[in-house]
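Take a look at the structure set out below.
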Amino acid sequence: MNWKKIMTENTLNNDPKVLIALDFPDSISALEFVAQLNPNECRLKVGKELFAVAGPEFVKQLIRQQFDVFLDLKYHDIPNTVAKAVQAAARMGVWMVNVHASGGSKMMEAAKQALAEFEQPPLLIAVTVLTSMQREDLAEIGLDVEPQEHVLRLAKLTKQSGLDGVVCSAQETAMLRTELGPDFCLVTPGIRPAGADVNDQKRIMTPADAIKSGSSYLVIGRPITQAADPVAALKAINASI
Ligand SMILES: O=c1ccn([C@@H]2O[C@H](COP(=O)(O)O)[C@@H](O)[C@H]2O)c(=O)[nH]1
């Protein structure tokens with residue numbers, strides 16, 4: 001399967017835009033939740049919490065159920081370690097995998113190079129500035145800049161390093177579309193339907209506004225997983241975008 005071709009085809013059935021964050025404490029509750037879902041209506045994101053308890057076999061199980069899986073482990077380490085880690089992810093058959101752009105170009109290039117031997121490599125993207133962070137959080141780690149300035153710097157570095165796209169907030173997608181063009185994949189967490197609990201997110205946007213601004217994919221967790229009727233919540237979001 002050619003993931004890049006699928007990424008640019010904008011039909012709901014072939015290219016669901018919503019990536020549901022499966023932030024569950026164990027595989028049983030995650031699988032119970034997934035049993036309600038249709039792979040034509042969403043993709044799934046497995047992050048650190050669930051992967052730590054459920055591991056590669058759980059990811060492969062989701063793939064056998066026809067779901068595209070974004071393995072969101074945000075690798076941030078020396079180039080050799082990250083290169084081996086993205087290869088391990090590719091062997092699981094995931095659709096998308098990510099690293100931290102703050103690991104720098106040598107790390108990102110090593111990750112990209114490591115995927116060259118795969119016939120159908122996953123999309124490789126890099127996290128810019130976490131959507132839970134705002135200016136004061138960056139200042140705390142020595143970065144005296146607005147989040148959007150740092151996002152742009154890291155997104156440019158990511159593109160120069162040959163990766164397929166970035167994780168950013170939807171508040172930055174219009175800027176990144178202008179600066180980096182129509183084909184760069186922009187994956188945006190921090191998505192909140194109007195009136196939904198913001199939780200620990202800071203740089204947020206509604207699903208419809210995020211798609212209008214140029215997001216390629218929307219990462220949505222709690223507004224769906226903790227909804228009284230998760231399937232209805234997903235359908236309402238899909239209808240709005
Ligand atoms: O900048 C980032 C990068 C990753 N995430 C992840 O997305 C989901 C968001 O879940 P919600 O419940 O919709 O807040 C979560 O798994 C994060 O680890 C992010 O939020 N921001």
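Starting from 1 in every chain, residues are counted up; chains themselves are A, B, ... following the order of the structure tokens, and ligands are numbered from 1 as listed.
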Query raised in the report: Which residues sit within 7 Å of ligand 1, counting only C-alpha atoms and all ligand atoms, listed as number ranges by chain?
Result: A: 21-23, 47, 127, 129-132, 167-169, 189-191, 199-201, 219-223
Query raised in the report: So which residues touch Pro207 (chain A) within 8 Å, counting only C-alpha atoms, skipping near sequence neighbours fewer than 2 positions away, as a list in words?
Result: Ile191, Arg192, Pro193, Met205, Asp209, Ala210, Ile211, Leu218, Ile237, Ser240 and Ile241 of chain A
Restricting it to N, CA and C atoms, dump the selection as a PDB file, in the first residue's frame.
ATOM      1  N   ILE A 191      -7.198  19.037  19.710  1.00  0.00           N
ATOM      2  CA  ILE A 191      -8.471  19.296  19.021  1.00  0.00           C
ATOM      3  C   ILE A 191      -9.608  19.171  20.042  1.00  0.00           C
ATOM      4  N   ARG A 192     -10.425  20.204  20.093  1.00  0.00           N
ATOM      5  CA  ARG A 192     -11.543  20.211  21.033  1.00  0.00           C
ATOM      6  C   ARG A 192     -12.807  20.744  20.357  1.00  0.00           C
ATOM      7  N   PRO A 193     -13.840  19.882  20.248  1.00  0.00           N
ATOM      8  CA  PRO A 193     -15.133  20.403  19.770  1.00  0.00           C
ATOM      9  C   PRO A 193     -15.577  21.555  20.680  1.00  0.00           C
ATOM     10  N   MET A 205      -7.975  23.899  18.975  1.00  0.00           N
ATOM     11  CA  MET A 205      -8.849  24.371  17.899  1.00  0.00           C
ATOM     12  C   MET A 205      -9.972  23.345  17.707  1.00  0.00           C
ATOM     13  N   ASP A 209     -12.459  23.910  12.254  1.00  0.00           N
ATOM     14  CA  ASP A 209     -11.490  24.993  12.013  1.00  0.00           C
ATOM     15  C   ASP A 209     -10.104  24.430  11.704  1.00  0.00           C
ATOM     16  N   ALA A 210      -9.755  23.324  12.351  1.00  0.00           N
ATOM     17  CA  ALA A 210      -8.437  22.729  12.109  1.00  0.00           C
ATOM     18  C   ALA A 210      -8.312  22.252  10.660  1.00  0.00           C
ATOM     19  N   ILE A 211      -9.353  21.597  10.164  1.00  0.00           N
ATOM     20  CA  ILE A 211      -9.310  21.132   8.758  1.00  0.00           C
ATOM     21  C   ILE A 211      -9.277  22.331   7.816  1.00  0.00           C
ATOM     22  N   LEU A 218      -6.379  14.917  12.392  1.00  0.00           N
ATOM     23  CA  LEU A 218      -6.721  15.420  13.720  1.00  0.00           C
ATOM     24  C   LEU A 218      -6.535  14.299  14.733  1.00  0.00           C
ATOM     25  N   ILE A 237     -18.081  14.518  14.766  1.00  0.00           N
ATOM     26  CA  ILE A 237     -16.847  15.192  14.345  1.00  0.00           C
ATOM     27  C   ILE A 237     -16.623  14.972  12.848  1.00  0.00           C
ATOM     28  N   SER A 240     -18.664  17.149  10.776  1.00  0.00           N
ATOM     29  CA  SER A 240     -18.361  18.577  10.860  1.00  0.00           C
ATOM     30  C   SER A 240     -17.146  18.976  10.024  1.00  0.00           C
ATOM     31  N   ILE A 241     -16.401  17.982   9.511  1.00  0.00           N
ATOM     32  CA  ILE A 241     -15.138  18.337   8.817  1.00  0.00           C
ATOM     33  C   ILE A 241     -15.208  18.086   7.310  1.00  0.00           C
TER      34      ILE A 241
END
Selection: 7 Å around Ile224 (chain A), only C-alpha atoms, excl. self and same-chain fewer than 4 positions, as a compact mmCIF listing (two decimals) with C-alpha atoms, in the first residue's frame:
# COMPACT_ATOMS: atom_id res chain seq x y z
CA ILE A 220 -8.50 13.32 19.22
CA PRO A 230 -18.01 7.59 21.59
CA ALA A 233 -19.05 11.72 19.12
CA LEU A 234 -16.85 10.43 16.27
Query raised in the report: Could you write out, as a list in words, all the residues of region 62-183 of chain A that DSSP marks as strand (DSSP E or B)?
Result: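 In region 62-183 of chain A, DSSP puts these residues in strand (DSSP E or B): Val69, Phe70, Leu71, Asp72, Leu73, Lys74, Tyr75, Met96, Val97, Asn98, Val99, His100, Leu123, Leu124, Ile125, Ala126, Val127, Gly165, Val166 and Val167 of chain A.
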Report task. Would you mind listing what lies within 12 Å of Thr81 (chain A) as a PyMOL selection string, with only C-alpha atoms counted and same-chain residues fewer than 3 positions away left out? Result -> chain A and resi 75-78+84-88+99+103+106-108+110-111+114
Who sits within 8 Å of region 151-157 of chain A, only C-alpha atoms, same chain under 5 positions skipped, as an mmCIF file with N, CA and C atoms, in the first residue's frame:
data_model
loop_
_atom_site.group_PDB
_atom_site.id
_atom_site.type_symbol
_atom_site.label_atom_id
_atom_site.label_comp_id
_atom_site.auth_asym_id
_atom_site.auth_seq_id
_atom_site.Cartn_x
_atom_site.Cartn_y
_atom_site.Cartn_z
ATOM 1 N N ALA A 101 11.448 16.431 16.844
ATOM 2 C CA ALA A 101 12.308 17.264 15.997
ATOM 3 C C ALA A 101 13.457 17.860 16.801
ATOM 4 N N SER A 102 13.260 18.049 18.114
ATOM 5 C CA SER A 102 14.332 18.604 18.963
ATOM 6 C C SER A 102 15.537 17.677 19.036
ATOM 7 N N GLY A 104 17.132 16.906 16.528
ATOM 8 C CA GLY A 104 18.042 17.485 15.552
ATOM 9 C C GLY A 104 18.074 16.747 14.221
ATOM 10 N N SER A 105 18.739 17.390 13.231
ATOM 11 C CA SER A 105 18.724 16.854 11.864
ATOM 12 C C SER A 105 19.467 15.526 11.746
ATOM 13 N N ALA A 126 7.672 14.381 12.788
ATOM 14 C CA ALA A 126 8.400 14.826 13.976
ATOM 15 C C ALA A 126 7.550 15.789 14.800
ATOM 16 N N THR A 128 6.934 18.939 16.970
ATOM 17 C CA THR A 128 7.572 20.265 17.088
ATOM 18 C C THR A 128 7.479 20.724 18.545
ATOM 19 N N VAL A 129 6.419 21.478 18.872
ATOM 20 C CA VAL A 129 6.200 21.917 20.259
ATOM 21 C C VAL A 129 4.894 21.282 20.745
ATOM 22 N N GLY A 165 6.382 14.966 7.581
ATOM 23 C CA GLY A 165 5.533 15.979 8.179
ATOM 24 C C GLY A 165 5.841 16.191 9.645
ATOM 25 N N VAL A 166 4.960 16.922 10.304
ATOM 26 C CA VAL A 166 5.169 17.248 11.725
ATOM 27 C C VAL A 166 3.884 17.091 12.532
ATOM 28 N N CYS A 168 1.997 19.345 15.208
ATOM 29 C CA CYS A 168 1.977 20.745 15.646
ATOM 30 C C CYS A 168 0.560 21.023 16.146
ATOM 31 N N GLU A 172 -1.092 26.495 14.242
ATOM 32 C CA GLU A 172 0.084 26.787 13.394
ATOM 33 C C GLU A 172 -0.056 26.275 11.963
ATOM 34 N N LEU A 176 2.182 26.998 8.525
ATOM 35 C CA LEU A 176 3.042 25.936 7.975
ATOM 36 C C LEU A 176 2.643 25.580 6.547
ATOM 37 N N LEU A 180 5.549 25.736 4.018
ATOM 38 C CA LEU A 180 6.111 24.420 3.669
ATOM 39 C C LEU A 180 5.332 23.689 2.581
#
Output as a tab-separated table (two decimals) with C-alpha atoms, in the first residue's frame all residues of region 32-203 of chain A that backbone DSSP marks as alpha helix (DSSP H).
chain	number	residue	atom	x	y	z
A	32	GLU	CA	-13.51	-3.18	24.20
A	33	PHE	CA	-13.48	0.44	23.00
A	34	VAL	CA	-12.08	-0.43	19.55
A	48	LYS	CA	3.28	5.50	25.58
A	49	GLU	CA	0.68	4.51	28.22
A	50	LEU	CA	-0.94	1.70	26.24
A	51	PHE	CA	2.21	0.53	24.44
A	52	ALA	CA	3.99	0.12	27.79
A	53	VAL	CA	1.41	-2.45	28.90
A	54	ALA	CA	0.17	-3.93	25.62
A	55	GLY	CA	3.25	-3.83	23.37
A	56	PRO	CA	3.80	-4.81	19.71
A	57	GLU	CA	1.35	-7.74	19.72
A	58	PHE	CA	-1.49	-5.37	20.57
A	59	VAL	CA	-0.48	-3.02	17.75
A	60	LYS	CA	-0.38	-5.95	15.30
A	61	GLN	CA	-3.82	-7.02	16.48
A	62	LEU	CA	-5.24	-3.58	15.58
A	63	ILE	CA	-3.58	-3.79	12.17
A	64	ARG	CA	-5.11	-7.26	11.61
A	79	PRO	CA	20.68	8.80	16.00
A	80	ASN	CA	21.60	5.08	16.14
A	81	THR	CA	18.99	4.31	18.82
A	82	VAL	CA	16.23	6.21	17.05
A	83	ALA	CA	17.09	4.59	13.70
A	84	LYS	CA	16.75	1.11	15.22
A	85	ALA	CA	13.53	2.09	17.01
A	86	VAL	CA	11.80	3.32	13.83
A	87	GLN	CA	12.85	0.11	12.08
A	88	ALA	CA	11.24	-1.90	14.88
A	89	ALA	CA	8.06	0.17	14.43
A	90	ALA	CA	8.13	-0.39	10.65
A	91	ARG	CA	8.41	-4.16	11.20
A	92	MET	CA	5.16	-4.02	13.20
A	105	SER	CA	18.72	16.85	11.86
A	106	LYS	CA	21.31	14.09	12.36
A	107	MET	CA	18.80	12.08	14.38
A	108	MET	CA	15.95	12.71	11.94
A	109	GLU	CA	18.10	11.88	8.88
A	110	ALA	CA	19.21	8.64	10.54
A	111	ALA	CA	15.57	7.73	11.16
A	112	LYS	CA	14.61	8.48	7.55
A	113	GLN	CA	17.60	6.54	6.23
A	114	ALA	CA	16.73	3.56	8.43
A	135	ARG	CA	5.13	30.61	25.83
A	136	GLU	CA	5.83	30.36	29.58
A	137	ASP	CA	6.56	26.63	29.31
A	138	LEU	CA	9.13	27.28	26.59
A	139	ALA	CA	10.72	30.04	28.70
A	140	GLU	CA	11.13	27.52	31.53
A	147	PRO	CA	5.45	28.63	20.34
A	148	GLN	CA	4.68	29.36	16.68
A	149	GLU	CA	8.19	30.69	16.07
A	150	HIS	CA	9.75	27.52	17.48
A	151	VAL	CA	7.25	25.32	15.63
A	152	LEU	CA	8.26	26.96	12.33
A	153	ARG	CA	11.98	26.52	13.05
A	154	LEU	CA	11.54	22.81	13.89
A	155	ALA	CA	9.13	22.16	11.02
A	156	LYS	CA	11.61	23.63	8.51
A	157	LEU	CA	14.37	21.46	9.99
A	158	THR	CA	12.09	18.42	9.77
A	159	LYS	CA	11.35	19.06	6.09
A	160	GLN	CA	15.04	19.65	5.30
A	173	THR	CA	-1.20	24.90	10.34
A	174	ALA	CA	-2.09	27.92	8.20
A	175	MET	CA	1.42	29.32	8.71
A	176	LEU	CA	3.04	25.94	7.97
A	177	ARG	CA	0.95	25.40	4.83
A	178	THR	CA	2.16	28.77	3.51
A	179	GLU	CA	5.78	28.13	4.46
A	180	LEU	CA	6.11	24.42	3.67
**Report entry** Distance in Å - CA of Gly195 (chain A) versus CA of Ala208 (chain A)
**Finding:** 13.7 Å
Report task. Tell me which protein, DNA and RNA residues are within 8 Å of Gln134 (chain A), counting only C-alpha atoms, leaving out same-chain ones fewer than 5 positions away, and put them as a list in words. Result ->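 Using only C-alpha atoms, the neighbours found are Glu146, Pro147, Lys202 and Arg203 of chain A.
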Query raised in the report: Pick from A:Val94, A:Ala196, A:Leu123, A:Ala232: nearest to Leu37 (chain A), with only C-alpha atoms counted?
Result: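 With only C-alpha atoms as the atom set, the closest residue is A:Ala232.
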Query raised in the report: CA of Ile125 (chain A) and CA of Lys74 (chain A), how far apart in Å?
Result: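 About the pair CA of Lys74 (chain A) and CA of Ile125 (chain A): they are 9.3 Å apart.
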**Report entry** Straight-line distance linking CA of Leu19 (chain A) with CA of Tyr217 (chain A), stated in Å to one decimal
**Finding:**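 Computing it gives 6.9 Å between the two atoms.
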